[in-house]
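Here's the structure we're looking at; comments come further down.
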Amino acid sequence: YSLEIVSETDTTRTVRHALGEVEIPKEPQRIVTLQDQNMLLPLLELGAGEQVVGSVGGAGGEFRRTDAFDTTGITYVGDHLSPNLEAIIALQPDLILGTDFTVNAENYPQLSQIAPTIPVVQSVRPLWNALYDVALLTDRRVELTALKDRYDAQVAELREALGDPGEIALTLVTPYRGEFYFDAGEHDSSTTVLRDLGVTLPELHEEAIASGDYPSYSSEVLPEADGDALFIYDYSGDEDDPDYGVTLLTELPFFGNLNAARKGQVYVVDGSRTAGIATQGLFYFLELFEETLLAEGFDASWEPEG
């Protein structure tokens, strides 16, 4: 669901969104966000940080994924799973921005009594579409265009350097409790970059993308997702959670027999730098793929059996 500008004046605009219509300031000055890595972060990337007065964050009181930005002027208003409404009211926001995960039919009426509230649908849309809506609400479309132009230029440069990206088969997985899954949503930065580069994905990954969900697979079928290179998500820099440990895969008895492992082409993805509906994950993956796929001696000669 894309936002639609129904009407506007010199100072306001009426926006139609998934839950209704609302009049908002054309240049909001006191924004509260109900998601940090999916709403606060893209606002910071677009240069709208000074317009944000408060945001939810992690359970420890931090704003996740925002280390590259100064957030000292932004008030923490509770865990992203349980916002502190009293703290939000005290900030006197002129706009509340959330996502389809944080604003729903149940809490929308209450939030709307505090300030005009808009959910940006992010979960089932291409990442750039969701970012456009964020830019639209804060008059930051020029800044978004600059980021998109930079991204497109880097994609084109890497595609040219790779020669024929379709000849390279990549596997990118997240281990979890003896299983694994793929980042398979259109809004995921990895899916966006992999698609734009045009590399080949294993059939299991393609199935996951087509499903529109995040199906999990037993670690025993990891060989079916083999390729020229294997990228494994690591969240140890984010939280000490053994459920997501890289060794859940690398210590499997058959792991060394994988084509990627035999060639020494197994790489770690820093999960703390990739999550969120934002551009920093996109540029991280472009940097990572440039560093690994263009490295001297990288072997892309793998062919699946059968």
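Each chain of the structure tokens is named A, B, ... in the order shown, its residues numbered from 1; ligands are numbered from 1 in display order.
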
Within region 28-230 of chain A, find each residue whose DSSP state, derived from the backbone, is strand (DSSP E or B), and express the selection as an mmCIF file with N, CA, C and O atoms, in the first residue's frame.
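Result file follows (result_34.cif):
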data_model
loop_
_atom_site.group_PDB
_atom_site.id
_atom_site.type_symbol
_atom_site.label_atom_id
_atom_site.label_comp_id
_atom_site.auth_asym_id
_atom_site.auth_seq_id
_atom_site.Cartn_x
_atom_site.Cartn_y
_atom_site.Cartn_z
ATOM 1 N N ILE A 31 8.590 14.996 15.194
ATOM 2 C CA ILE A 31 8.206 13.643 14.805
ATOM 3 C C ILE A 31 8.585 12.654 15.906
ATOM 4 O O ILE A 31 9.676 12.723 16.476
ATOM 5 N N VAL A 32 7.686 11.728 16.184
ATOM 6 C CA VAL A 32 7.994 10.568 17.020
ATOM 7 C C VAL A 32 7.863 9.331 16.143
ATOM 8 O O VAL A 32 6.870 9.177 15.429
ATOM 9 N N THR A 33 8.857 8.465 16.190
ATOM 10 C CA THR A 33 8.806 7.247 15.382
ATOM 11 C C THR A 33 8.572 6.033 16.273
ATOM 12 O O THR A 33 9.112 5.941 17.380
ATOM 13 N N VAL A 52 13.098 14.871 14.320
ATOM 14 C CA VAL A 52 12.650 13.786 15.194
ATOM 15 C C VAL A 52 12.953 14.143 16.644
ATOM 16 O O VAL A 52 14.098 14.423 17.003
ATOM 17 N N VAL A 53 11.920 14.120 17.486
ATOM 18 C CA VAL A 53 12.104 14.439 18.907
ATOM 19 C C VAL A 53 12.085 13.190 19.774
ATOM 20 O O VAL A 53 12.550 13.225 20.918
ATOM 21 N N GLY A 54 11.544 12.084 19.267
ATOM 22 C CA GLY A 54 11.480 10.876 20.064
ATOM 23 C C GLY A 54 11.324 9.637 19.219
ATOM 24 O O GLY A 54 10.837 9.695 18.087
ATOM 25 N N SER A 55 11.752 8.512 19.786
ATOM 26 C CA SER A 55 11.621 7.244 19.066
ATOM 27 C C SER A 55 11.665 6.085 20.054
ATOM 28 O O SER A 55 12.309 6.168 21.104
ATOM 29 N N VAL A 56 10.984 5.016 19.706
ATOM 30 C CA VAL A 56 11.179 3.770 20.426
ATOM 31 C C VAL A 56 12.531 3.201 20.022
ATOM 32 O O VAL A 56 13.175 3.690 19.095
ATOM 33 N N GLY A 57 12.950 2.154 20.710
ATOM 34 C CA GLY A 57 14.235 1.547 20.390
ATOM 35 C C GLY A 57 14.318 0.137 20.930
ATOM 36 O O GLY A 57 13.296 -0.531 21.114
ATOM 37 N N THR A 75 14.648 11.620 22.186
ATOM 38 C CA THR A 75 14.243 10.995 23.442
ATOM 39 C C THR A 75 13.769 9.562 23.215
ATOM 40 O O THR A 75 12.970 9.292 22.318
ATOM 41 N N TYR A 76 14.255 8.665 24.041
ATOM 42 C CA TYR A 76 13.830 7.263 24.001
ATOM 43 C C TYR A 76 12.449 7.158 24.637
ATOM 44 O O TYR A 76 12.243 7.610 25.768
ATOM 45 N N VAL A 77 11.495 6.582 23.913
ATOM 46 C CA VAL A 77 10.124 6.502 24.420
ATOM 47 C C VAL A 77 9.656 5.055 24.542
ATOM 48 O O VAL A 77 8.497 4.735 24.298
ATOM 49 N N GLY A 78 10.578 4.178 24.937
ATOM 50 C CA GLY A 78 10.197 2.809 25.218
ATOM 51 C C GLY A 78 10.654 1.791 24.200
ATOM 52 O O GLY A 78 11.104 2.125 23.103
ATOM 53 N N ASP A 79 10.532 0.540 24.592
ATOM 54 C CA ASP A 79 10.853 -0.596 23.739
ATOM 55 C C ASP A 79 9.949 -0.578 22.505
ATOM 56 O O ASP A 79 8.775 -0.225 22.598
ATOM 57 N N SER A 82 6.729 -2.166 23.061
ATOM 58 C CA SER A 82 5.777 -1.585 24.025
ATOM 59 C C SER A 82 6.083 -0.101 24.234
ATOM 60 O O SER A 82 6.704 0.277 25.219
ATOM 61 N N PRO A 83 5.671 0.760 23.306
ATOM 62 C CA PRO A 83 5.925 2.202 23.409
ATOM 63 C C PRO A 83 5.301 2.794 24.680
ATOM 64 O O PRO A 83 4.248 2.354 25.138
ATOM 65 N N LEU A 95 3.607 14.787 14.468
ATOM 66 C CA LEU A 95 3.452 13.659 13.555
ATOM 67 C C LEU A 95 4.028 12.410 14.216
ATOM 68 O O LEU A 95 5.112 12.455 14.797
ATOM 69 N N ILE A 96 3.301 11.314 14.147
ATOM 70 C CA ILE A 96 3.776 10.013 14.613
ATOM 71 C C ILE A 96 3.898 9.101 13.405
ATOM 72 O O ILE A 96 2.940 8.911 12.662
ATOM 73 N N LEU A 97 5.094 8.552 13.209
ATOM 74 C CA LEU A 97 5.340 7.664 12.073
ATOM 75 C C LEU A 97 5.646 6.265 12.576
ATOM 76 O O LEU A 97 6.498 6.074 13.447
ATOM 77 N N GLY A 98 4.941 5.287 12.013
ATOM 78 C CA GLY A 98 5.178 3.900 12.350
ATOM 79 C C GLY A 98 5.234 3.062 11.096
ATOM 80 O O GLY A 98 5.317 3.582 9.973
ATOM 81 N N THR A 99 5.198 1.770 11.277
ATOM 82 C CA THR A 99 5.192 0.832 10.162
ATOM 83 C C THR A 99 3.945 -0.032 10.269
ATOM 84 O O THR A 99 3.166 0.081 11.220
ATOM 85 N N THR A 117 -1.162 10.342 12.825
ATOM 86 C CA THR A 117 -0.372 9.108 12.812
ATOM 87 C C THR A 117 -0.474 8.433 11.458
ATOM 88 O O THR A 117 -1.565 8.319 10.892
ATOM 89 N N ILE A 118 0.675 7.990 10.948
ATOM 90 C CA ILE A 118 0.699 7.325 9.639
ATOM 91 C C ILE A 118 1.559 6.064 9.715
ATOM 92 O O ILE A 118 2.713 6.124 10.134
ATOM 93 N N PRO A 119 1.004 4.917 9.307
ATOM 94 C CA PRO A 119 1.818 3.709 9.151
ATOM 95 C C PRO A 119 2.345 3.613 7.716
ATOM 96 O O PRO A 119 1.584 3.770 6.767
ATOM 97 N N VAL A 120 3.634 3.397 7.579
ATOM 98 C CA VAL A 120 4.224 3.166 6.263
ATOM 99 C C VAL A 120 4.344 1.657 6.067
ATOM 100 O O VAL A 120 5.019 0.977 6.842
ATOM 101 N N ALA A 169 27.039 -18.160 -8.526
ATOM 102 C CA ALA A 169 25.965 -18.685 -7.686
ATOM 103 C C ALA A 169 26.288 -18.415 -6.221
ATOM 104 O O ALA A 169 27.305 -18.886 -5.700
ATOM 105 N N LEU A 170 25.429 -17.646 -5.567
ATOM 106 C CA LEU A 170 25.655 -17.276 -4.169
ATOM 107 C C LEU A 170 24.603 -17.890 -3.262
ATOM 108 O O LEU A 170 23.439 -18.058 -3.645
ATOM 109 N N THR A 171 25.006 -18.198 -2.041
ATOM 110 C CA THR A 171 24.096 -18.641 -0.999
ATOM 111 C C THR A 171 24.271 -17.691 0.183
ATOM 112 O O THR A 171 25.398 -17.431 0.609
ATOM 113 N N LEU A 172 23.171 -17.182 0.713
ATOM 114 C CA LEU A 172 23.220 -16.254 1.843
ATOM 115 C C LEU A 172 22.159 -16.689 2.842
ATOM 116 O O LEU A 172 20.965 -16.599 2.560
ATOM 117 N N VAL A 173 22.599 -17.193 4.008
ATOM 118 C CA VAL A 173 21.671 -17.830 4.939
ATOM 119 C C VAL A 173 21.843 -17.289 6.358
ATOM 120 O O VAL A 173 22.895 -16.766 6.730
ATOM 121 N N THR A 174 20.787 -17.460 7.143
ATOM 122 C CA THR A 174 20.814 -17.144 8.569
ATOM 123 C C THR A 174 20.590 -18.430 9.353
ATOM 124 O O THR A 174 19.539 -19.058 9.221
ATOM 125 N N PRO A 175 21.567 -18.862 10.165
ATOM 126 C CA PRO A 175 21.371 -20.063 10.981
ATOM 127 C C PRO A 175 20.470 -19.768 12.165
ATOM 128 O O PRO A 175 20.490 -18.663 12.720
ATOM 129 N N TYR A 176 19.656 -20.751 12.545
ATOM 130 C CA TYR A 176 18.765 -20.553 13.680
ATOM 131 C C TYR A 176 18.366 -21.900 14.268
ATOM 132 O O TYR A 176 17.671 -22.681 13.627
ATOM 133 N N GLU A 179 18.494 -24.930 12.267
ATOM 134 C CA GLU A 179 17.906 -24.745 10.947
ATOM 135 C C GLU A 179 18.523 -23.499 10.307
ATOM 136 O O GLU A 179 19.430 -22.886 10.855
ATOM 137 N N PHE A 180 18.038 -23.136 9.141
ATOM 138 C CA PHE A 180 18.479 -21.890 8.520
ATOM 139 C C PHE A 180 17.342 -21.339 7.676
ATOM 140 O O PHE A 180 16.394 -22.044 7.322
ATOM 141 N N TYR A 181 17.434 -20.052 7.393
ATOM 142 C CA TYR A 181 16.450 -19.428 6.501
ATOM 143 C C TYR A 181 17.142 -18.356 5.679
ATOM 144 O O TYR A 181 18.296 -17.991 5.934
ATOM 145 N N THR A 200 23.130 -15.577 -9.554
ATOM 146 C CA THR A 200 22.256 -16.741 -9.475
ATOM 147 C C THR A 200 22.072 -17.150 -8.018
ATOM 148 O O THR A 200 23.040 -17.219 -7.253
ATOM 149 N N SER A 216 11.730 -21.850 7.044
ATOM 150 C CA SER A 216 12.983 -22.371 7.578
ATOM 151 C C SER A 216 13.245 -23.753 7.006
ATOM 152 O O SER A 216 12.325 -24.475 6.611
ATOM 153 N N TYR A 217 14.531 -24.124 6.976
ATOM 154 C CA TYR A 217 14.939 -25.394 6.402
ATOM 155 C C TYR A 217 15.861 -26.107 7.377
ATOM 156 O O TYR A 217 16.663 -25.475 8.071
ATOM 157 N N SER A 218 15.766 -27.404 7.414
ATOM 158 C CA SER A 218 16.675 -28.186 8.242
ATOM 159 C C SER A 218 18.098 -28.015 7.739
ATOM 160 O O SER A 218 18.346 -27.953 6.521
ATOM 161 N N ALA A 229 29.901 -19.390 -3.505
ATOM 162 C CA ALA A 229 30.258 -18.771 -2.232
ATOM 163 C C ALA A 229 29.082 -18.867 -1.279
ATOM 164 O O ALA A 229 27.922 -18.853 -1.698
ATOM 165 N N LEU A 230 29.390 -18.970 -0.004
ATOM 166 C CA LEU A 230 28.376 -19.042 1.041
ATOM 167 C C LEU A 230 28.587 -17.879 1.999
ATOM 168 O O LEU A 230 29.684 -17.701 2.547
#

**OP:** Between CA of Gly61 (chain A) and CA of Met39 (chain A), measure the distance and give it in Å to one decimal.
**Re:** 16.3 Å

Original post:
Taking only C-alpha atoms into account, which of A:Leu111, A:Leu3, A:Leu85, A:Leu204 comes nearest Val221 (chain A)?
Top reply: A:Leu204

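Across A:Pro116, A:Tyr1, A:Glu106, A:Glu50, the tightest approach to Glu23 (chain A) is made by A:Pro116 when counting only C-alpha atoms.
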
**OP:** Rank A:Leu34, A:Leu136, A:Leu131, A:Ala184 by their smallest atom-to-atom distance to His205 (chain A), using only C-alpha atoms, and report the top residue only.
**Re:** A:Ala184
